[in-house]
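Single-structure report; data block below.
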Amino acid sequence: MAGVGFQRWARALSKGKGPGIPALLPGCRAASGITKDSLPGPYPKTPEERAAAAKKYNIMAEDYEPFPDNGEGYGDYPQIPNRSQHERDPWYQWDHPDLRRNWGEPMHWNFDMFIRNRVDTSPSPVSWSTMCKHLGGFVGFMLFMFYLGGQYPAYQPVAPKQYPYNDLHLERGGDPEKQPEEVKHYEI
């Protein structure tokens, strides 16, 4: 009986366009896409269009700079500076603290490249030349130490293996009637 009810429901929804589930599919849509308002519009050519696009993306008109219109299809999407999330204040009360962003703020076009477990664009406290000098000094020192280790090898002192019960006298085939001589493995 449930199958008959489903068929009636499917026919009613398909509005007589054909039998079965394939008639339902064109009427379905995904609920997970971005809204049409969030999609980039055409490239702004006039100052009024630039002001409208800046308002659409919650950016001040003087700060709004769209991607260049070179045919790559960015449209009126704002060109946001290449800054990683590491540079943003960790103590600020973000709407989304994991991504350090607020609701409604435009995302970088390559947002996934600048999240916190990827590229860190924050300035380094040490200059590039100093880092190279430190690395070169460390590698040079290690190569010198490997050279010395090859020229003057040092080995850990090794003593003969010690066994209990008089060095396993009986287990090694010694005479049980004879008392073996005591073996000392140390000197005081």
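Residues are named by chain letter and number: chains run A, B, ... in the order of the structure tokens, numbers start at 1 in each chain, and ligands are numbered from 1 in the order shown.
Around Ala51 of chain A, within 10 Å and counting only C-alpha atoms, the residues found are Pro44, Thr46, Lys56, Ile59, Met60, Ala61, Glu62 and Tyr64 of chain A, once anything fewer than 5 positions away on its own chain is removed.
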Go ahead and write the selection's residues with N, CA and C atoms as an mmCIF file, in the first residue's frame.
```
data_model
loop_
_atom_site.group_PDB
_atom_site.id
_atom_site.type_symbol
_atom_site.label_atom_id
_atom_site.label_comp_id
_atom_site.auth_asym_id
_atom_site.auth_seq_id
_atom_site.Cartn_x
_atom_site.Cartn_y
_atom_site.Cartn_z
ATOM 1 N N PRO A 44 32.683 46.163 -12.493
ATOM 2 C CA PRO A 44 32.139 47.527 -12.437
ATOM 3 C C PRO A 44 32.938 48.480 -13.326
ATOM 4 N N THR A 46 31.646 51.904 -13.995
ATOM 5 C CA THR A 46 31.402 53.291 -13.591
ATOM 6 C C THR A 46 31.614 53.427 -12.086
ATOM 7 N N LYS A 56 27.822 45.947 -1.617
ATOM 8 C CA LYS A 56 27.419 44.528 -1.653
ATOM 9 C C LYS A 56 28.364 43.667 -0.821
ATOM 10 N N ILE A 59 32.351 46.712 2.086
ATOM 11 C CA ILE A 59 33.653 47.355 2.056
ATOM 12 C C ILE A 59 33.423 48.833 1.783
ATOM 13 N N MET A 60 34.254 49.687 2.386
ATOM 14 C CA MET A 60 34.144 51.112 2.098
ATOM 15 C C MET A 60 34.531 51.348 0.640
ATOM 16 N N ALA A 61 33.886 52.303 -0.002
ATOM 17 C CA ALA A 61 34.091 52.537 -1.434
ATOM 18 C C ALA A 61 35.542 52.869 -1.746
ATOM 19 N N GLU A 62 36.233 53.598 -0.853
ATOM 20 C CA GLU A 62 37.628 53.941 -1.141
ATOM 21 C C GLU A 62 38.571 52.750 -0.952
ATOM 22 N N TYR A 64 37.605 49.587 -1.762
ATOM 23 C CA TYR A 64 37.191 48.539 -2.699
ATOM 24 C C TYR A 64 38.057 48.578 -3.964
#
```
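Close contacts of Lys184 of chain A, defined as residues with an atom at most 10 Å away when counting only C-alpha atoms, with chain neighbours fewer than 3 positions off set aside, comprise Gln162, Asn166, Glu181 and Glu187 of chain A.
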Would you output that residue set with N, CA and C atoms, as an mmCIF file, in the first residue's frame?
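result.cif, freshly written:
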```
data_model
loop_
_atom_site.group_PDB
_atom_site.id
_atom_site.type_symbol
_atom_site.label_atom_id
_atom_site.label_comp_id
_atom_site.auth_asym_id
_atom_site.auth_seq_id
_atom_site.Cartn_x
_atom_site.Cartn_y
_atom_site.Cartn_z
ATOM 1 N N GLN A 162 78.455 -11.319 30.102
ATOM 2 C CA GLN A 162 78.420 -11.899 31.441
ATOM 3 C C GLN A 162 77.218 -12.816 31.574
ATOM 4 N N ASN A 166 78.390 -18.880 37.302
ATOM 5 C CA ASN A 166 79.783 -19.102 36.878
ATOM 6 C C ASN A 166 79.894 -19.234 35.371
ATOM 7 N N GLU A 181 86.588 -22.197 38.254
ATOM 8 C CA GLU A 181 87.249 -21.047 38.858
ATOM 9 C C GLU A 181 86.320 -19.835 38.760
ATOM 10 N N GLU A 187 86.952 -4.685 38.066
ATOM 11 C CA GLU A 187 88.147 -4.397 38.865
ATOM 12 C C GLU A 187 87.834 -3.226 39.752
#
```
Per residue of segment 99-148 of chain A within 7 Å of segment 67-91 of chain A, record the nearest atom pair and its distance in Å to one decimal, counting only C-alpha atoms, with rows in chain order and ascending residue number, as CSV.
```
residue,atom,partner,partner_atom,distance
A:Leu99,CA,A:Gln85,CA,7.0
A:Arg100,CA,A:Gln85,CA,6.4
A:His108,CA,A:Ile80,CA,5.7
A:Phe114,CA,A:Ser84,CA,4.4
A:Ile115,CA,A:Gln85,CA,5.7
A:Arg116,CA,A:Gln85,CA,5.5
A:Val119,CA,A:Ser84,CA,6.6
A:Asp120,CA,A:Ser84,CA,5.6
A:Thr121,CA,A:Ser84,CA,5.4
A:Ser122,CA,A:Glu87,CA,5.4
```
Work out how far apart atom CA of Ala159 of chain A and atom CA of His185 of chain A are and give it in Å to one decimal. 8.2 Å
I need the residues in segment 124-157 of chain A that are helix (DSSP H, G or I) according to DSSP; give them as a PyMOL selection string. chain A and resi 128-151
Secondary structure check, strand (DSSP E or B) residues of segment 16-134 of chain A, as a VMD selection string: chain A and resid 66 78 96 101
Could you write out that same residue set with N, CA and C atoms as a tab-separated table (two decimals), in the first residue's frame?
```tsv
chain	number	residue	atom	x	y	z
A	66	PRO	N	38.42	45.88	-7.26
A	66	PRO	CA	38.09	44.57	-7.84
A	66	PRO	C	39.30	43.97	-8.54
A	78	PRO	N	35.95	41.56	-4.73
A	78	PRO	CA	37.04	42.44	-4.28
A	78	PRO	C	38.38	41.70	-4.20
A	96	HIS	N	33.75	33.62	13.95
A	96	HIS	CA	34.21	32.26	13.68
A	96	HIS	C	35.68	32.20	14.10
A	101	ARG	N	37.53	35.04	11.34
A	101	ARG	CA	36.78	35.91	10.44
A	101	ARG	C	35.41	36.17	11.04
```
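Using only C-alpha atoms, the smallest distance between any of A:Pro106, A:Gly174, A:Gln93, A:Pro160 and Ala53 of chain A comes from A:Pro106.
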Nearest to Glu105 of chain A, restricted to only C-alpha atoms and choosing among A:Tyr92, A:Lys133, A:Lys45, A:Ser38, comes out as A:Ser38
